[in-house]
Amino acid sequence: MKTIDPAKTSSQRSRTTDRFMTGVFYVVAGFFLLLLLAFIAYILVNGLRSFSPQMLSFTEEGIGNQLFNTIYLVILALLISVPIGIFAGIYLAEYAKEGKLTRFVRICVETLSSLPSIVIGLFGYLVFILMTHSQWNLFAGALAVSLLCLPLITTTTVDAFRALPEDYKAGSLAVGATHWQSITHMLLPACVPRIMTGVILAAGRGFGEAAALLYTAGMSTDINWSNWNLSSPTCPLNPFRPGETLALQIWASRTESIAENATQVANFSSAVLILLVLLFSILARLLSRRLDRKATGAKSN
Amino acid sequence: MKGKHMVRREYLGRVVVTAFGLLMIVITFAIGIFLAYKGIGTFTTYKHSVGEFLFSSNWDPADDFTGGGAVGAAIFIVGSLCTCGLALLIALPGSIASAIFMTEISPRFGTRIFQPAAEIFVGIPSVVYGWVGMSVLVPFIRKVFHLQVGYGVLSAAIVLAIMIYPSITTVSADAIRSVSKTYREAAYGLGATRWQTIYKTVLPAAKSGIFTGIILGLARAFGEALAVAMVIGQRKAFPTSIFSPTTNLTATIAADMGGAAEGGEYNTALWTMALLLLLISLLFIFLVHAISGKEGKEK
């Protein structure tokens with residue numbers, strides 16, 4: 001009869017548990033990865049299956065106007081948020097001294113970035129629509145979205161400045177440049193690729209935003225593509241006209257089906273949105289990878 | 001003359017960027033003050049008590065300026081709480097297991113495939129989640145559980161769980177990665193297996209980082225409006241089971257704000273709900289700071 005060595009069984013048991021748990025981790029991680037892949041594949045396939053040529057038209061049955069509004073709105077939002085975000089970032093990275101005020105600005109940036117987008121949207125509705133007594137318009141939507149992009153651009157700017165080697169600034173100051181001159185001529189240009197990555201991510205977020213636009217940009221769009229009088233409410237480039245975006249169009253097709261093919265349009269819009277998001281995140285990734293390579297290449301010199 | 005140049009070269013830029021830095025404070029405060037100004041009306045203009053708003057389920061505000069209706073928002077608050085709680089229960093085990101997988105079990109695969117994939121999913125628009133939930137998940141749940149409608153707490157919780165899973169996973173993975181290597185080496189040196197090392201050493205050491213991830217995920221779930229609104233059913237009643245349709249704070253604001261007379265009791269009650277959302281979001285930030293502050297002290 002074999003005597004059982006207690007030490008051996010205990011270590012055997014823990015080895016079995018170890019193997020078992022490793023298996024569990026593989027299964028869970030694999031499951032979620034497959035789920036994510038299935039999610040994207042479903043949207044793309046379903047979107048393509050729902051596609052018909054009329055969807056590309058600039059009519060009620062197509063997504064042309066909404067796609068244009070989405071891109072136009074994101075461009076407007078970036079025009080507003082990029083300068084403010086970069087300036088605020090420069091302040092935090094270069095001029096703010098460690099202290100209560102700086103801490104406070106940081107907490108404000110953090111608060112802004114974690115506010116629910118519907119809260120931002122309601123603020124936009126209150127200030128840009130109700131208090132200005134205007135109708136729902138693209139510009140108000142752009143302002144709301146720029147509030148969402150602002151904290152992201154500020155933090156990437158701060159991170160970009162922090163990531164620069166010390167000698168950049170030291171070198172510039174040593175040749176007699178002022179702090180501001182060093183920033184505009186040396187530091188900021190060196191930060192551009194990294195800030196661009198943040199801007200691209202912010203744009204990706206802007207494309208999909210809907211809750212902040214419900215009561216700011218409005219849920220209708222009426223564009224006359226032969227009307228180029230900027231003050232006319234149907235002129236495509238007039239920012240002070242209602243501008244439904246792709247994301248809002250998906251939301252609208254939930255209940256109010258304006259067109260007969262609302263479901264198909266929503267499927268196709270989802271696919272287009274996903275493609276935009278994928279495209280932008282791949283762009284951001286390529287840019288930051290090139291940056292890393294450049295940084296390591298500089299080191300080996 | 002030289003002084004004038006100096007002004008242009010240094011102080012002007014400095015003043016401008018400082019102004020924009022301070023603008024961040026102004027914006028944050030403006031959002032808080034304006035929402036408080038609109039939301040407080042329920043209690044000042046229409047004379048309801050905070051207790052009624054928070055704990056009563058009698059929701060019947062008058063859509064005019066005389067008031068006299070009931071503004072109990074408990075149904076929406078409970079709706080938000082239970083969908084987020086259930087979403088967290090669903091997402092958390094998977095998130096932590098995935099975070100462990102991508103850092104401890106297969107770090108190469110983790111950083112090259114898993115992390116980027118998760119990050120892409122953080123960026124997917126929420127209406128798309130809602131739309132897929134509506135067209136796939138809701139009919140699926142109706143069929144599997146033999147229900148009359150598939151809209152309800154469970155559908156909303158699953159959609160939210162899928163949305164917050166990547167956020168919690170990436171933050172937790174960062175926390176686990178930042179645990180010092182010496183901890184692991186010490187554990188292996190004592191003869192621990194990999195699972196024992198993870199379970200007894202790495203996870204406790206990464207605890208506060210993981211909590212931060214959980215809170216950020218919860219905050220995202222709480223503030224999510226349209227994806228939930230698309231699958232929760234939007235029925236103004238308490239849920240009786242995880243299958244029953246109900247509604248929550250964000251979905252109600254999104255759906256009803258446009259139809260209520262500006263400044264009326266109904267409209268003001270909705271603004272109060274928005275104010276409540278803002279306060280909850282501030283609470284989450286406060287919690288994150290409390291956790292990271294405590295961690296800083298321990299170190």
# chains A, B, ... in the order shown; residues from 1 in each chain; ligands from 1
call {"tool": "interface_residues", "arguments": {"of": "chain B", "to": "chain A", "cutoff": "6 Å", "atoms": "only C-alpha atoms", "output": "ChimeraX atom specification"}}
result
/B:10,17-18,20-21,25,28,97-98,101,125,128,195,223
call {"tool": "select_by_dssp", "arguments": {"residues": "stretch 50-291 of chain A", "states": "helix (DSSP H, G or I)", "output": "number ranges by chain"}}
result
A: 53-56, 64-95, 100-114, 117-130, 138-163, 166-174, 179-208, 246-252, 262-291
call {"tool": "atom_distance", "arguments": {"atom1": "atom CA of B:Trp59", "atom2": "atom CA of B:Thr42"}}
result
12.9 Å
call {"tool": "atom_distance", "arguments": {"atom1": "atom CA of A:Ala174", "atom2": "atom CA of A:Leu188"}}
result
17.5 Å
call {"tool": "atom_distance", "arguments": {"atom1": "atom CA of B:Leu160", "atom2": "atom CA of B:Cys84"}}
result
7.3 Å
call {"tool": "residues_around", "arguments": {"residues": "A:Ala93", "least_positions_apart": "6", "cutoff": "9 Å", "atoms": "only C-alpha atoms", "output": "PDB file with all heavy atoms, in the first residue's frame"}}
result
ATOM      1  N   THR A 157      -1.977  67.100 -25.272  1.00  0.00           N
ATOM      2  CA  THR A 157      -0.971  68.159 -25.400  1.00  0.00           C
ATOM      3  C   THR A 157      -0.030  68.154 -24.186  1.00  0.00           C
ATOM      4  O   THR A 157       1.200  68.202 -24.339  1.00  0.00           O
ATOM      5  CB  THR A 157      -1.646  69.545 -25.517  1.00  0.00           C
ATOM      6  OG1 THR A 157      -2.572  69.506 -26.586  1.00  0.00           O
ATOM      7  CG2 THR A 157      -0.619  70.625 -25.755  1.00  0.00           C
ATOM      8  N   VAL A 158      -0.615  68.058 -23.007  1.00  0.00           N
ATOM      9  CA  VAL A 158       0.216  68.022 -21.796  1.00  0.00           C
ATOM     10  C   VAL A 158       1.166  66.836 -21.862  1.00  0.00           C
ATOM     11  O   VAL A 158       2.378  66.963 -21.628  1.00  0.00           O
ATOM     12  CB  VAL A 158      -0.664  67.944 -20.529  1.00  0.00           C
ATOM     13  CG1 VAL A 158       0.195  67.754 -19.294  1.00  0.00           C
ATOM     14  CG2 VAL A 158      -1.498  69.197 -20.389  1.00  0.00           C
ATOM     15  N   ASP A 159       0.625  65.654 -22.209  1.00  0.00           N
ATOM     16  CA  ASP A 159       1.463  64.451 -22.286  1.00  0.00           C
ATOM     17  C   ASP A 159       2.575  64.613 -23.316  1.00  0.00           C
ATOM     18  O   ASP A 159       3.703  64.181 -23.103  1.00  0.00           O
ATOM     19  CB  ASP A 159       0.609  63.228 -22.633  1.00  0.00           C
ATOM     20  CG  ASP A 159      -0.329  62.850 -21.504  1.00  0.00           C
ATOM     21  OD1 ASP A 159      -0.094  63.333 -20.370  1.00  0.00           O
ATOM     22  OD2 ASP A 159      -1.283  62.097 -21.735  1.00  0.00           O
ATOM     23  N   ALA A 160       2.234  65.247 -24.466  1.00  0.00           N
ATOM     24  CA  ALA A 160       3.224  65.429 -25.517  1.00  0.00           C
ATOM     25  C   ALA A 160       4.383  66.296 -25.026  1.00  0.00           C
ATOM     26  O   ALA A 160       5.550  65.988 -25.252  1.00  0.00           O
ATOM     27  CB  ALA A 160       2.565  66.063 -26.738  1.00  0.00           C
ATOM     28  N   PHE A 161       4.057  67.390 -24.329  1.00  0.00           N
ATOM     29  CA  PHE A 161       5.111  68.269 -23.810  1.00  0.00           C
ATOM     30  C   PHE A 161       5.959  67.548 -22.767  1.00  0.00           C
ATOM     31  O   PHE A 161       7.174  67.678 -22.744  1.00  0.00           O
ATOM     32  CB  PHE A 161       4.504  69.542 -23.212  1.00  0.00           C
ATOM     33  CG  PHE A 161       4.346  70.646 -24.220  1.00  0.00           C
ATOM     34  CD1 PHE A 161       3.218  70.732 -25.008  1.00  0.00           C
ATOM     35  CD2 PHE A 161       5.350  71.579 -24.379  1.00  0.00           C
ATOM     36  CE1 PHE A 161       3.080  71.735 -25.942  1.00  0.00           C
ATOM     37  CE2 PHE A 161       5.229  72.605 -25.308  1.00  0.00           C
ATOM     38  CZ  PHE A 161       4.077  72.678 -26.101  1.00  0.00           C
ATOM     39  N   ARG A 162       5.291  66.768 -21.910  1.00  0.00           N
ATOM     40  CA  ARG A 162       6.015  66.035 -20.872  1.00  0.00           C
ATOM     41  C   ARG A 162       6.975  65.022 -21.471  1.00  0.00           C
ATOM     42  O   ARG A 162       8.022  64.720 -20.900  1.00  0.00           O
ATOM     43  CB  ARG A 162       5.019  65.282 -19.978  1.00  0.00           C
ATOM     44  CG  ARG A 162       4.124  66.157 -19.148  1.00  0.00           C
ATOM     45  CD  ARG A 162       4.736  66.413 -17.777  1.00  0.00           C
ATOM     46  NE  ARG A 162       4.277  67.688 -17.258  1.00  0.00           N
ATOM     47  CZ  ARG A 162       3.080  67.864 -16.680  1.00  0.00           C
ATOM     48  NH1 ARG A 162       2.281  66.826 -16.521  1.00  0.00           N
ATOM     49  NH2 ARG A 162       2.721  69.048 -16.250  1.00  0.00           N
TER      50      ARG A 162
END
call {"tool": "residues_around", "arguments": {"residues": "B:Ile198", "least_positions_apart": "5", "cutoff": "9 Å", "atoms": "only C-alpha atoms", "output": "PyMOL selection string"}}
result
chain B and resi 100+104+184+193+203-204
call {"tool": "residues_around", "arguments": {"residues": "stretch 179-183 of chain B", "least_positions_apart": "3", "cutoff": "7 Å", "atoms": "only C-alpha atoms", "output": "number ranges by chain"}}
result
B: 175-176, 186-187, 201-202, 205-206
call {"tool": "closest_residue", "arguments": {"among": "A:Asp292, A:Leu286, A:Phe268, A:Ala77", "to": "A:Met55", "atoms": "only C-alpha atoms"}}
result
A:Phe268
call {"tool": "residues_around", "arguments": {"residues": "stretch 234-251 of chain B", "least_positions_apart": "5", "cutoff": "10 Å", "atoms": "only C-alpha atoms", "output": "short mmCIF file (atom, residue, chain, number, x, y, z; two decimals) with C-alpha atoms, in the first residue's frame"}}
result
data_model
loop_
_atom_site.label_atom_id
_atom_site.label_comp_id
_atom_site.auth_asym_id
_atom_site.auth_seq_id
_atom_site.Cartn_x
_atom_site.Cartn_y
_atom_site.Cartn_z
CA PRO A 116 -21.97 62.17 -19.48
CA SER A 117 -22.41 63.40 -23.03
CA ILE A 118 -26.13 63.94 -22.48
CA VAL A 119 -25.28 66.41 -19.71
CA ALA A 211 -26.53 62.23 -27.14
CA SER B 57 -42.11 56.85 -7.46
CA ASN B 58 -45.07 59.08 -8.20
CA TRP B 59 -44.04 60.69 -11.50
CA ALA B 73 -37.94 60.19 -9.88
CA ALA B 74 -37.32 56.97 -7.96
CA ILE B 75 -38.26 54.78 -10.95
CA PHE B 76 -35.55 56.37 -13.09
CA ILE B 77 -32.97 56.25 -10.32
CA VAL B 78 -33.71 52.58 -9.61
CA GLY B 79 -33.65 51.89 -13.33
CA SER B 80 -30.19 53.43 -13.62
CA LEU B 81 -28.91 51.65 -10.53
CA CYS B 82 -30.08 48.18 -11.43
CA THR B 83 -29.04 48.25 -15.08
CA LEU B 86 -26.21 44.15 -13.43
CA ILE B 141 -33.74 37.43 -25.54
CA ARG B 142 -37.41 37.39 -26.44
CA PHE B 145 -36.79 33.27 -22.61
CA LEU B 147 -41.12 36.69 -23.48
CA GLN B 148 -43.62 39.02 -25.04
CA VAL B 149 -41.02 41.75 -25.43
CA GLY B 150 -37.27 41.49 -25.31
CA TYR B 151 -36.78 45.08 -24.17
CA GLY B 152 -35.91 45.41 -20.50
CA VAL B 153 -33.32 45.44 -17.75
CA LEU B 154 -31.40 42.41 -18.99
CA SER B 155 -31.03 43.73 -22.55
CA ALA B 156 -29.90 47.12 -21.26
CA ALA B 157 -27.45 45.52 -18.84
CA PHE B 222 -24.39 55.67 -15.66
CA GLY B 223 -24.03 58.45 -18.18
CA GLU B 224 -24.85 56.37 -21.24
CA ALA B 225 -28.08 57.59 -22.74
CA LEU B 226 -29.03 56.50 -26.22
CA ALA B 227 -27.78 52.91 -26.26
CA VAL B 228 -29.78 52.18 -23.10
CA ALA B 229 -32.80 54.09 -24.32
CA ASP B 256 -38.84 63.63 -23.01
CA LEU B 270 -36.04 66.73 -16.22
CA MET B 273 -32.53 64.74 -13.27
CA ALA B 274 -29.69 66.11 -15.39
CA LEU B 276 -28.50 64.57 -10.44
CA LEU B 277 -26.47 62.93 -13.23
#
call {"tool": "closest_residue", "arguments": {"among": "A:Asn224, A:Ser52, A:Thr234, A:Thr155", "to": "A:Thr197", "atoms": "only C-alpha atoms"}}
result
A:Thr155
call {"tool": "residues_around", "arguments": {"residues": "B:Ile96", "least_positions_apart": "6", "cutoff": "9 Å", "atoms": "only C-alpha atoms", "output": "list in words"}}
result
Ile168, Thr169, Ser172, Ala173 and Ile210 of chain B
call {"tool": "write_last_selection", "arguments": {"atoms": "N, CA and C atoms", "output": "PDB file, in the first residue's frame"}}
result
ATOM      1  N   ILE B 168     -12.970  48.831 -18.565  1.00  0.00           N
ATOM      2  CA  ILE B 168     -12.468  48.236 -17.329  1.00  0.00           C
ATOM      3  C   ILE B 168     -11.239  47.378 -17.622  1.00  0.00           C
ATOM      4  N   THR B 169     -11.279  46.641 -18.747  1.00  0.00           N
ATOM      5  CA  THR B 169     -10.161  45.762 -19.069  1.00  0.00           C
ATOM      6  C   THR B 169      -8.866  46.546 -19.262  1.00  0.00           C
ATOM      7  N   SER B 172      -7.612  48.068 -15.900  1.00  0.00           N
ATOM      8  CA  SER B 172      -7.126  47.017 -15.013  1.00  0.00           C
ATOM      9  C   SER B 172      -5.796  46.464 -15.512  1.00  0.00           C
ATOM     10  N   ALA B 173      -5.684  46.276 -16.837  1.00  0.00           N
ATOM     11  CA  ALA B 173      -4.440  45.741 -17.394  1.00  0.00           C
ATOM     12  C   ALA B 173      -3.281  46.684 -17.093  1.00  0.00           C
ATOM     13  N   ILE B 210      -7.452  48.588 -10.172  1.00  0.00           N
ATOM     14  CA  ILE B 210      -8.612  47.870 -10.699  1.00  0.00           C
ATOM     15  C   ILE B 210      -9.906  48.556 -10.251  1.00  0.00           C
TER      16      ILE B 210
END
